[in-house]
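J.: So that you have it, the file is structure_37.pdb, and it contains PDB, C-alpha atoms, pLDDT in the B column:
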```pdb
ATOM      1  CA  MET A   1      19.452 -90.943-251.604  1.00 46.00           C
ATOM      2  CA  SER A   2      21.019 -89.912-248.329  1.00 49.00           C
ATOM      3  CA  ASN A   3      24.245 -87.919-248.347  1.00 55.00           C
ATOM      4  CA  ALA A   4      24.805 -88.468-244.634  1.00 51.00           C
ATOM      5  CA  THR A   5      28.366 -89.410-243.765  1.00 51.00           C
ATOM      6  CA  PRO A   6      28.553 -92.667-241.773  1.00 50.00           C
ATOM      7  CA  SER A   7      29.676 -92.215-238.177  1.00 60.00           C
ATOM      8  CA  PRO A   8      33.311 -93.221-237.716  1.00 71.00           C
ATOM      9  CA  LEU A   9      33.839 -96.478-235.904  1.00 79.00           C
ATOM     10  CA  ARG A  10      35.007 -96.255-232.315  1.00 86.00           C
ATOM     11  CA  LEU A  11      38.542 -97.524-231.735  1.00 89.00           C
ATOM     12  CA  TYR A  12      37.414-100.707-230.004  1.00 90.00           C
ATOM     13  CA  GLN A  13      35.047-101.379-232.932  1.00 89.00           C
ATOM     14  CA  GLN A  14      37.936-100.976-235.378  1.00 91.00           C
ATOM     15  CA  VAL A  15      39.990-103.463-233.376  1.00 92.00           C
ATOM     16  CA  ALA A  16      37.024-105.852-233.168  1.00 92.00           C
ATOM     17  CA  GLY A  17      36.821-105.705-236.961  1.00 90.00           C
ATOM     18  CA  ARG A  18      40.517-106.494-237.268  1.00 92.00           C
ATOM     19  CA  ILE A  19      40.216-109.461-234.898  1.00 92.00           C
ATOM     20  CA  GLU A  20      37.241-110.660-236.889  1.00 89.00           C
ATOM     21  CA  GLY A  21      39.390-110.324-239.993  1.00 89.00           C
ATOM     22  CA  LEU A  22      41.864-112.775-238.462  1.00 88.00           C
ATOM     23  CA  ILE A  23      38.987-115.189-237.954  1.00 88.00           C
ATOM     24  CA  ARG A  24      37.650-114.806-241.504  1.00 86.00           C
ATOM     25  CA  LYS A  25      41.137-115.368-242.943  1.00 87.00           C
ATOM     26  CA  GLY A  26      41.475-118.558-240.930  1.00 86.00           C
ATOM     27  CA  GLU A  27      44.354-117.380-238.741  1.00 88.00           C
ATOM     28  CA  VAL A  28      42.227-118.421-235.778  1.00 88.00           C
ATOM     29  CA  ALA A  29      39.945-121.364-236.562  1.00 88.00           C
ATOM     30  CA  THR A  30      36.484-122.139-235.213  1.00 89.00           C
ATOM     31  CA  GLY A  31      36.789-123.539-231.702  1.00 89.00           C
ATOM     32  CA  GLN A  32      40.320-122.181-231.288  1.00 91.00           C
ATOM     33  CA  ARG A  33      41.242-119.799-228.488  1.00 92.00           C
ATOM     34  CA  LEU A  34      42.146-116.249-229.415  1.00 93.00           C
ATOM     35  CA  PRO A  35      45.545-114.897-228.334  1.00 91.00           C
ATOM     36  CA  PRO A  36      45.676-113.209-224.899  1.00 90.00           C
ATOM     37  CA  GLU A  37      44.748-109.533-224.562  1.00 89.00           C
ATOM     38  CA  ARG A  38      48.368-108.472-224.175  1.00 90.00           C
ATOM     39  CA  ASP A  39      49.369-110.159-227.439  1.00 93.00           C
ATOM     40  CA  LEU A  40      46.455-108.642-229.350  1.00 93.00           C
ATOM     41  CA  ALA A  41      47.253-105.219-227.902  1.00 93.00           C
ATOM     42  CA  THR A  42      50.854-105.517-229.086  1.00 94.00           C
ATOM     43  CA  ARG A  43      49.818-106.737-232.523  1.00 93.00           C
ATOM     44  CA  PHE A  44      47.329-103.921-233.132  1.00 94.00           C
ATOM     45  CA  LYS A  45      49.335-101.249-231.258  1.00 95.00           C
ATOM     46  CA  VAL A  46      46.473-100.320-228.924  1.00 94.00           C
ATOM     47  CA  SER A  47      45.933-100.468-225.173  1.00 91.00           C
ATOM     48  CA  ARG A  48      44.638-103.564-223.437  1.00 89.00           C
ATOM     49  CA  PRO A  49      41.404-101.792-222.398  1.00 88.00           C
ATOM     50  CA  VAL A  50      40.657-101.243-226.105  1.00 91.00           C
ATOM     51  CA  VAL A  51      41.257-104.934-226.812  1.00 92.00           C
ATOM     52  CA  ARG A  52      39.080-105.910-223.863  1.00 89.00           C
ATOM     53  CA  GLU A  53      36.191-103.836-225.205  1.00 90.00           C
ATOM     54  CA  ALA A  54      36.732-105.236-228.705  1.00 92.00           C
ATOM     55  CA  LEU A  55      36.424-108.765-227.348  1.00 91.00           C
ATOM     56  CA  VAL A  56      33.226-107.851-225.505  1.00 89.00           C
ATOM     57  CA  ALA A  57      31.815-106.430-228.749  1.00 89.00           C
ATOM     58  CA  LEU A  58      32.683-109.647-230.588  1.00 91.00           C
ATOM     59  CA  GLU A  59      31.096-111.682-227.816  1.00 89.00           C
ATOM     60  CA  LEU A  60      27.903-109.627-227.887  1.00 88.00           C
ATOM     61  CA  SER A  61      27.711-110.077-231.662  1.00 86.00           C
ATOM     62  CA  GLY A  62      28.068-113.849-231.319  1.00 86.00           C
ATOM     63  CA  ALA A  63      31.484-114.123-232.972  1.00 89.00           C
ATOM     64  CA  ILE A  64      33.296-115.477-229.925  1.00 90.00           C
ATOM     65  CA  GLU A  65      32.525-117.225-226.660  1.00 88.00           C
ATOM     66  CA  VAL A  66      34.216-116.293-223.401  1.00 83.00           C
ATOM     67  CA  ARG A  67      34.858-119.258-221.129  1.00 80.00           C
ATOM     68  CA  THR A  68      35.436-118.503-217.485  1.00 71.00           C
ATOM     69  CA  GLY A  69      39.054-118.979-216.493  1.00 74.00           C
ATOM     70  CA  SER A  70      40.057-120.095-219.980  1.00 80.00           C
ATOM     71  CA  GLY A  71      39.767-117.334-222.572  1.00 85.00           C
ATOM     72  CA  ALA A  72      37.896-116.297-225.714  1.00 89.00           C
ATOM     73  CA  TYR A  73      37.086-118.932-228.339  1.00 92.00           C
ATOM     74  CA  VAL A  74      35.915-118.532-231.947  1.00 93.00           C
ATOM     75  CA  LYS A  75      32.342-119.600-232.656  1.00 89.00           C
ATOM     76  CA  PRO A  76      31.069-120.980-235.983  1.00 82.00           C
ATOM     77  CA  VAL A  77      30.657-118.376-238.729  1.00 65.00           C
ATOM     78  CA  SER A  78      27.164-117.422-239.884  1.00 56.00           C
ATOM     79  CA  ALA A  79      26.076-119.039-243.151  1.00 45.00           C
ATOM     80  CA  ASP A  80      24.969-115.672-244.550  1.00 50.00           C
ATOM     81  CA  PRO A  81      27.275-115.107-247.583  1.00 44.00           C
ATOM     82  CA  ALA A  82      26.295-111.431-247.787  1.00 45.00           C
ATOM     83  CA  SER A  83      27.594-110.767-244.304  1.00 48.00           C
ATOM     84  CA  ASN A  84      30.632-108.530-244.185  1.00 48.00           C
ATOM     85  CA  GLY A  85      31.578-109.226-240.619  1.00 50.00           C
ATOM     86  CA  ARG A  86      29.260-109.961-237.716  1.00 51.00           C
ATOM     87  CA  LEU A  87      29.384-106.714-235.750  1.00 55.00           C
ATOM     88  CA  LYS A  88      25.769-105.959-236.505  1.00 53.00           C
ATOM     89  CA  ILE A  89      24.661-104.542-233.153  1.00 55.00           C
ATOM     90  CA  GLU A  90      25.230-101.171-231.536  1.00 65.00           C
ATOM     91  CA  THR A  91      27.474-101.893-228.591  1.00 76.00           C
ATOM     92  CA  GLY A  92      27.593 -98.345-227.275  1.00 77.00           C
ATOM     93  CA  PRO A  93      30.383 -96.025-226.201  1.00 84.00           C
ATOM     94  CA  SER A  94      33.670 -97.193-224.759  1.00 88.00           C
ATOM     95  CA  ALA A  95      33.484 -97.846-221.016  1.00 88.00           C
ATOM     96  CA  PHE A  96      36.974 -96.471-220.498  1.00 90.00           C
ATOM     97  CA  GLU A  97      36.234 -93.354-222.557  1.00 90.00           C
ATOM     98  CA  LEU A  98      33.149 -92.791-220.400  1.00 91.00           C
ATOM     99  CA  ILE A  99      35.200 -92.964-217.222  1.00 92.00           C
ATOM    100  CA  ASN A 100      37.798 -90.657-218.748  1.00 93.00           C
ATOM    101  CA  VAL A 101      35.177 -88.043-219.674  1.00 95.00           C
ATOM    102  CA  ARG A 102      33.631 -88.323-216.245  1.00 96.00           C
ATOM    103  CA  LYS A 103      37.068 -87.668-214.696  1.00 97.00           C
ATOM    104  CA  LEU A 104      37.278 -84.470-216.749  1.00 96.00           C
ATOM    105  CA  LEU A 105      33.788 -83.246-215.854  1.00 97.00           C
ATOM    106  CA  GLU A 106      32.464 -84.557-212.561  1.00 98.00           C
ATOM    107  CA  PRO A 107      35.249 -83.285-210.254  1.00 98.00           C
ATOM    108  CA  ALA A 108      34.543 -79.742-211.505  1.00 98.00           C
ATOM    109  CA  VAL A 109      30.816 -80.322-211.033  1.00 98.00           C
ATOM    110  CA  ALA A 110      31.427 -81.489-207.457  1.00 98.00           C
ATOM    111  CA  ALA A 111      33.529 -78.378-206.798  1.00 98.00           C
ATOM    112  CA  GLN A 112      30.730 -76.201-208.163  1.00 98.00           C
ATOM    113  CA  ALA A 113      28.229 -78.057-206.000  1.00 98.00           C
ATOM    114  CA  ALA A 114      30.323 -77.306-202.918  1.00 98.00           C
ATOM    115  CA  LEU A 115      30.143 -73.588-203.698  1.00 98.00           C
ATOM    116  CA  ARG A 116      26.508 -73.366-204.822  1.00 98.00           C
ATOM    117  CA  ARG A 117      24.606 -76.075-202.978  1.00 97.00           C
ATOM    118  CA  SER A 118      21.541 -75.187-200.940  1.00 97.00           C
ATOM    119  CA  GLU A 119      20.403 -76.955-197.798  1.00 97.00           C
ATOM    120  CA  LYS A 120      17.789 -78.724-199.933  1.00 97.00           C
ATOM    121  CA  ASP A 121      20.523 -79.900-202.323  1.00 98.00           C
ATOM    122  CA  LEU A 122      22.576 -81.149-199.395  1.00 97.00           C
ATOM    123  CA  ALA A 123      19.582 -83.100-198.100  1.00 98.00           C
ATOM    124  CA  SER A 124      19.083 -84.680-201.537  1.00 98.00           C
ATOM    125  CA  ILE A 125      22.713 -85.804-201.714  1.00 98.00           C
ATOM    126  CA  ALA A 126      22.515 -87.232-198.192  1.00 97.00           C
ATOM    127  CA  GLN A 127      19.293 -89.046-199.103  1.00 97.00           C
ATOM    128  CA  ALA A 128      20.971 -90.505-202.191  1.00 96.00           C
ATOM    129  CA  LEU A 129      23.840 -91.703-200.015  1.00 95.00           C
ATOM    130  CA  ARG A 130      21.372 -93.456-197.690  1.00 95.00           C
ATOM    131  CA  LEU A 131      19.745 -95.079-200.730  1.00 94.00           C
ATOM    132  CA  PHE A 132      23.128 -96.433-201.798  1.00 91.00           C
ATOM    133  CA  GLU A 133      23.683 -97.803-198.285  1.00 89.00           C
ATOM    134  CA  ARG A 134      20.289 -99.547-198.317  1.00 90.00           C
ATOM    135  CA  ARG A 135      20.969-101.110-201.687  1.00 86.00           C
ATOM    136  CA  SER A 136      24.469-102.275-200.805  1.00 79.00           C
ATOM    137  CA  ARG A 137      23.148-105.850-200.574  1.00 80.00           C
ATOM    138  CA  GLY A 138      20.946-105.553-203.670  1.00 80.00           C
ATOM    139  CA  THR A 139      21.577-106.629-207.243  1.00 81.00           C
ATOM    140  CA  HIS A 140      24.358-105.217-209.386  1.00 77.00           C
ATOM    141  CA  TRP A 141      21.870-103.006-211.243  1.00 81.00           C
ATOM    142  CA  GLU A 142      20.173-101.759-208.057  1.00 87.00           C
ATOM    143  CA  LYS A 143      23.547-100.635-206.732  1.00 86.00           C
ATOM    144  CA  LEU A 144      24.531 -99.017-210.014  1.00 86.00           C
ATOM    145  CA  GLU A 145      21.218 -97.153-210.138  1.00 91.00           C
ATOM    146  CA  ALA A 146      21.713 -95.911-206.568  1.00 92.00           C
ATOM    147  CA  ASP A 147      25.188 -94.702-207.566  1.00 92.00           C
ATOM    148  CA  ARG A 148      23.627 -92.838-210.502  1.00 94.00           C
ATOM    149  CA  VAL A 149      21.127 -91.113-208.187  1.00 96.00           C
ATOM    150  CA  PHE A 150      23.982 -89.949-205.940  1.00 97.00           C
ATOM    151  CA  HIS A 151      25.971 -88.451-208.806  1.00 97.00           C
ATOM    152  CA  LEU A 152      22.939 -86.742-210.323  1.00 98.00           C
ATOM    153  CA  ALA A 153      22.091 -85.194-206.939  1.00 98.00           C
ATOM    154  CA  ILE A 154      25.570 -83.645-206.925  1.00 98.00           C
ATOM    155  CA  ALA A 155      25.157 -82.378-210.479  1.00 98.00           C
ATOM    156  CA  GLN A 156      21.801 -80.866-209.509  1.00 98.00           C
ATOM    157  CA  ALA A 157      23.475 -79.063-206.612  1.00 98.00           C
ATOM    158  CA  ALA A 158      25.949 -77.425-209.018  1.00 98.00           C
ATOM    159  CA  GLN A 159      23.052 -75.264-210.290  1.00 97.00           C
ATOM    160  CA  ASN A 160      24.078 -75.643-213.925  1.00 96.00           C
ATOM    161  CA  GLU A 161      21.459 -77.145-216.235  1.00 96.00           C
ATOM    162  CA  ARG A 162      23.896 -77.986-219.032  1.00 96.00           C
ATOM    163  CA  ALA A 163      26.291 -79.740-216.661  1.00 95.00           C
ATOM    164  CA  LEU A 164      23.371 -81.719-215.231  1.00 97.00           C
ATOM    165  CA  ALA A 165      22.236 -82.726-218.724  1.00 97.00           C
ATOM    166  CA  ILE A 166      25.752 -83.912-219.629  1.00 96.00           C
ATOM    167  CA  VAL A 167      26.102 -85.948-216.427  1.00 96.00           C
ATOM    168  CA  GLU A 168      22.667 -87.493-217.069  1.00 96.00           C
ATOM    169  CA  SER A 169      23.751 -88.391-220.605  1.00 95.00           C
ATOM    170  CA  LEU A 170      26.998 -89.966-219.397  1.00 94.00           C
ATOM    171  CA  TRP A 171      25.132 -92.052-216.863  1.00 92.00           C
ATOM    172  CA  ALA A 172      22.643 -93.200-219.498  1.00 91.00           C
ATOM    173  CA  ASP A 173      25.638 -94.491-221.487  1.00 88.00           C
ATOM    174  CA  MET A 174      26.884 -96.271-218.362  1.00 85.00           C
ATOM    175  CA  PHE A 175      24.015 -98.710-218.812  1.00 83.00           C
ATOM    176  CA  GLY A 176      25.017 -99.437-222.436  1.00 82.00           C
ATOM    177  CA  PRO A 177      26.168-102.906-223.580  1.00 83.00           C
ATOM    178  CA  ILE A 178      29.955-102.523-223.296  1.00 83.00           C
ATOM    179  CA  PHE A 179      29.932-100.869-219.884  1.00 81.00           C
ATOM    180  CA  ALA A 180      27.192-103.256-218.714  1.00 79.00           C
ATOM    181  CA  VAL A 181      29.299-106.331-219.469  1.00 81.00           C
ATOM    182  CA  LEU A 182      32.541-104.984-218.032  1.00 81.00           C
ATOM    183  CA  SER A 183      30.951-103.472-214.924  1.00 77.00           C
ATOM    184  CA  GLU A 184      29.018-106.614-214.071  1.00 74.00           C
ATOM    185  CA  ARG A 185      31.982-108.907-214.707  1.00 73.00           C
ATOM    186  CA  THR A 186      34.380-106.893-212.601  1.00 72.00           C
ATOM    187  CA  GLY A 187      31.753-106.264-209.904  1.00 66.00           C
ATOM    188  CA  ILE A 188      32.267-102.522-210.095  1.00 64.00           C
ATOM    189  CA  ALA A 189      29.045-101.939-208.141  1.00 57.00           C
ATOM    190  CA  ASP A 190      30.159-104.414-205.472  1.00 58.00           C
ATOM    191  CA  LYS A 191      33.101-102.342-204.225  1.00 68.00           C
ATOM    192  CA  LYS A 192      30.944-101.319-201.264  1.00 72.00           C
ATOM    193  CA  ARG A 193      33.555-100.264-198.730  1.00 79.00           C
ATOM    194  CA  ILE A 194      35.645 -98.040-200.973  1.00 85.00           C
ATOM    195  CA  THR A 195      32.577 -96.569-202.703  1.00 87.00           C
ATOM    196  CA  MET A 196      30.932 -95.714-199.394  1.00 90.00           C
ATOM    197  CA  THR A 197      34.131 -94.068-198.175  1.00 92.00           C
ATOM    198  CA  ASP A 198      34.412 -92.087-201.418  1.00 95.00           C
ATOM    199  CA  HIS A 199      30.760 -90.997-201.308  1.00 96.00           C
ATOM    200  CA  ARG A 200      30.967 -89.900-197.680  1.00 96.00           C
ATOM    201  CA  THR A 201      34.127 -87.910-198.378  1.00 97.00           C
ATOM    202  CA  ILE A 202      32.507 -86.157-201.344  1.00 98.00           C
ATOM    203  CA  LEU A 203      29.422 -85.329-199.274  1.00 98.00           C
ATOM    204  CA  PHE A 204      31.581 -84.059-196.391  1.00 98.00           C
ATOM    205  CA  CYS A 205      33.462 -81.697-198.719  1.00 98.00           C
ATOM    206  CA  ILE A 206      30.273 -80.396-200.342  1.00 98.00           C
ATOM    207  CA  LYS A 207      28.650 -79.909-196.947  1.00 98.00           C
ATOM    208  CA  ASN A 208      31.647 -77.865-195.778  1.00 98.00           C
ATOM    209  CA  ARG A 209      31.794 -75.873-199.027  1.00 98.00           C
ATOM    210  CA  ASP A 210      35.270 -77.245-199.710  1.00 98.00           C
ATOM    211  CA  ALA A 211      35.467 -76.969-203.504  1.00 98.00           C
ATOM    212  CA  VAL A 212      39.080 -78.144-203.762  1.00 98.00           C
ATOM    213  CA  GLY A 213      38.373 -81.142-201.558  1.00 98.00           C
ATOM    214  CA  ALA A 214      35.203 -82.045-203.471  1.00 98.00           C
ATOM    215  CA  ASP A 215      37.108 -81.907-206.753  1.00 98.00           C
ATOM    216  CA  ALA A 216      39.869 -84.158-205.417  1.00 98.00           C
ATOM    217  CA  ALA A 217      37.473 -86.598-203.743  1.00 98.00           C
ATOM    218  CA  MET A 218      35.376 -87.023-206.893  1.00 98.00           C
ATOM    219  CA  HIS A 219      38.486 -87.534-209.028  1.00 98.00           C
ATOM    220  CA  ALA A 220      39.778 -90.191-206.620  1.00 97.00           C
ATOM    221  CA  HIS A 221      36.373 -91.903-206.684  1.00 95.00           C
ATOM    222  CA  LEU A 222      36.409 -92.149-210.482  1.00 95.00           C
ATOM    223  CA  VAL A 223      40.001 -93.371-210.526  1.00 94.00           C
ATOM    224  CA  HIS A 224      38.917 -96.158-208.178  1.00 91.00           C
ATOM    225  CA  ALA A 225      36.145 -97.103-210.641  1.00 88.00           C
ATOM    226  CA  GLU A 226      38.616 -97.088-213.525  1.00 88.00           C
ATOM    227  CA  MET A 227      41.032 -99.307-211.604  1.00 86.00           C
ATOM    228  CA  LYS A 228      38.218-101.770-210.934  1.00 82.00           C
ATOM    229  CA  LEU A 229      37.483-102.059-214.660  1.00 80.00           C
ATOM    230  CA  LEU A 230      41.172-102.780-215.260  1.00 79.00           C
ATOM    231  CA  GLU A 231      41.473-105.210-212.371  1.00 70.00           C
ATOM    232  CA  SER A 232      41.397-108.539-214.218  1.00 54.00           C
ATOM    233  CA  ASP A 233      44.161-109.655-216.554  1.00 48.00           C
ATOM    234  CA  SER A 234      41.815-110.997-219.205  1.00 46.00           C
ATOM    235  CA  LEU A 235      38.192-111.624-220.107  1.00 52.00           C
ATOM    236  CA  GLY A 236      38.719-115.307-219.556  1.00 48.00           C
ATOM    237  CA  ALA A 237      39.542-114.660-215.914  1.00 46.00           C
ATOM    238  CA  LEU A 238      36.347-112.718-215.355  1.00 43.00           C
ATOM    239  CA  GLY A 239      33.161-114.105-213.963  1.00 41.00           C
ATOM    240  CA  ARG A 240      30.055-114.001-216.117  1.00 44.00           C
ATOM    241  CA  ARG A 241      29.284-115.156-219.651  1.00 42.00           C
ATOM    242  CA  VAL A 242      27.162-113.031-221.919  1.00 43.00           C
ATOM    243  CA  LYS A 243      24.277-114.285-224.013  1.00 44.00           C
ATOM    244  CA  PRO A 244      25.138-113.367-227.630  1.00 40.00           C
ATOM    245  CA  ALA A 245      22.828-111.210-229.703  1.00 41.00           C
ATOM    246  CA  GLY A 246      20.244-112.991-231.821  1.00 40.00           C
TER     247      GLY A 246
END
```
Just dump the structure as structure tokens.

T.:
Amino acid sequence: MSNATPSPLRLYQQVAGRIEGLIRKGEVATGQRLPPERDLATRFKVSRPVVREALVALELSGAIEVRTGSGAYVKPVSADPASNGRLKIETGPSAFELINVRKLLEPAVAAQAALRRSEKDLASIAQALRLFERRSRGTHWEKLEADRVFHLAIAQAAQNERALAIVESLWADMFGPIFAVLSERTGIADKKRITMTDHRTILFCIKNRDAVGADAAMHAHLVHAEMKLLESDSLGALGRRVKPAG
């Protein structure tokens, strides 16, 4: 018998469970539209980003359906009587928590890269920037992958193996279910003009060994990404529907 303590639920998972509780109790019937994000956020005393991620988790689990331009609607409940809720899949870390951690770490990594980078490192970052430019007309995932290559080249230039490993881990999580849905819906990889400007500014600062500038430029870049995730007022106003699990 295992004595392992279960991992605590992430905040958005807790809220997803509470929304699902409303459904199970019949407060929101099958086929009925859920209240708007702002109302759910007020009811559960959490931020709207948390509610947004909770709704994505419920959608991925098959509990709700998001209809473009309309909102989130309750789907029929599974006939499995042993089911205690339908959040049966691992939906990954919070997209907004990921961005927040990256804001804490990557500006410092960029500053370190500006101080420690070699000419070879600089060439790698420039090559990654050219890759991003070439893929600017590619698919969402091609652009996101090119963005990952750029950020890892900067982390490599910082000459700190642990920092590189952490940045690699954060970017692996960026391809997880929650971030995948939100990033594709909001078109975070499609913000070509502002991303190119941000990337060029970061490279310029690193090239000129401007640690303060590199720190500030990276922070601004991540704030822009965060703002893009927050851009839409609700899931129903966003573009793509997700195929539920199962």

J.: With the PyMOL selection byres ((chain A and resi 100) around 12) as the selection, what would be picked from this file? Answer as a PyMOL selection string, please.

T.: chain A and resi 93-99+101-107+170+219+222-227

J.: Could you check how far atom CA of Ser70 of chain A sits from atom CA of Leu58 of chain A, in Å to one decimal?

T.: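 One can read the atom CA of Ser70 of chain A to atom CA of Leu58 of chain A distance as 16.6 Å.
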
J.: Can you list what the PyMOL selection byres ((chain A and resi 30) around 6) grabs from this structure, as a PyMOL selection string?

T.: chain A and resi 29+31-32+74-76

J.: Looking at A:Ile19, A:Leu115, A:Leu131, A:Val46, which one is nearest to Glu59 of chain A, with distances taken over only C-alpha atoms?

T.: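 Closest to Glu59 of chain A, using only C-alpha atoms: A:Ile19.
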
J.: So, with only C-alpha atoms as the atoms that count, which of A:Leu152, A:Gly69, A:Ala57, A:Arg33 lies closest to Ala172 of chain A?

T.: A:Leu152

J.: Name the residues in contact with Ala108 of chain A at a cut-off of 10 Å, using only C-alpha atoms, excluding same-chain residues fewer than 2 positions from it; report them as a ChimeraX atom specification.

T.: /A:102-106,110-114,155,158,163,211-212,214-216,218-219

J.: With only C-alpha atoms as the basis for distance, which of A:Met174, A:Leu182, A:Leu9, A:Ile194 is at the shortest distance from Leu144 of chain A?

T.: A:Met174

J.: Just the number, please: distance in Å from atom CA of Glu168 of chain A to atom CA of Arg200 of chain A, one decimal.

T.: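 Separating atom CA of Glu168 of chain A from atom CA of Arg200 of chain A is a distance of 21.2 Å.
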
J.: Could you tell me which of A:Val167, A:Ala220, A:Leu11, A:Ala157 comes closest to Glu53 of chain A if we count only C-alpha atoms?

T.: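 Closest candidate: A:Leu11.
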
J.: On this file, the PyMOL selection byres ((chain A and resi 120-123) around 12) gives some set of residues; write that set as a ChimeraX atom specification.

T.: /A:110,113-119,124-130,150,152-159,202-209

J.: Which distance in Å separates atom CA of Phe44 of chain A and atom CA of Val15 of chain A, to one decimal?

T.: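 Spanning atom CA of Phe44 of chain A to atom CA of Val15 of chain A is a straight-line distance of 7.4 Å.
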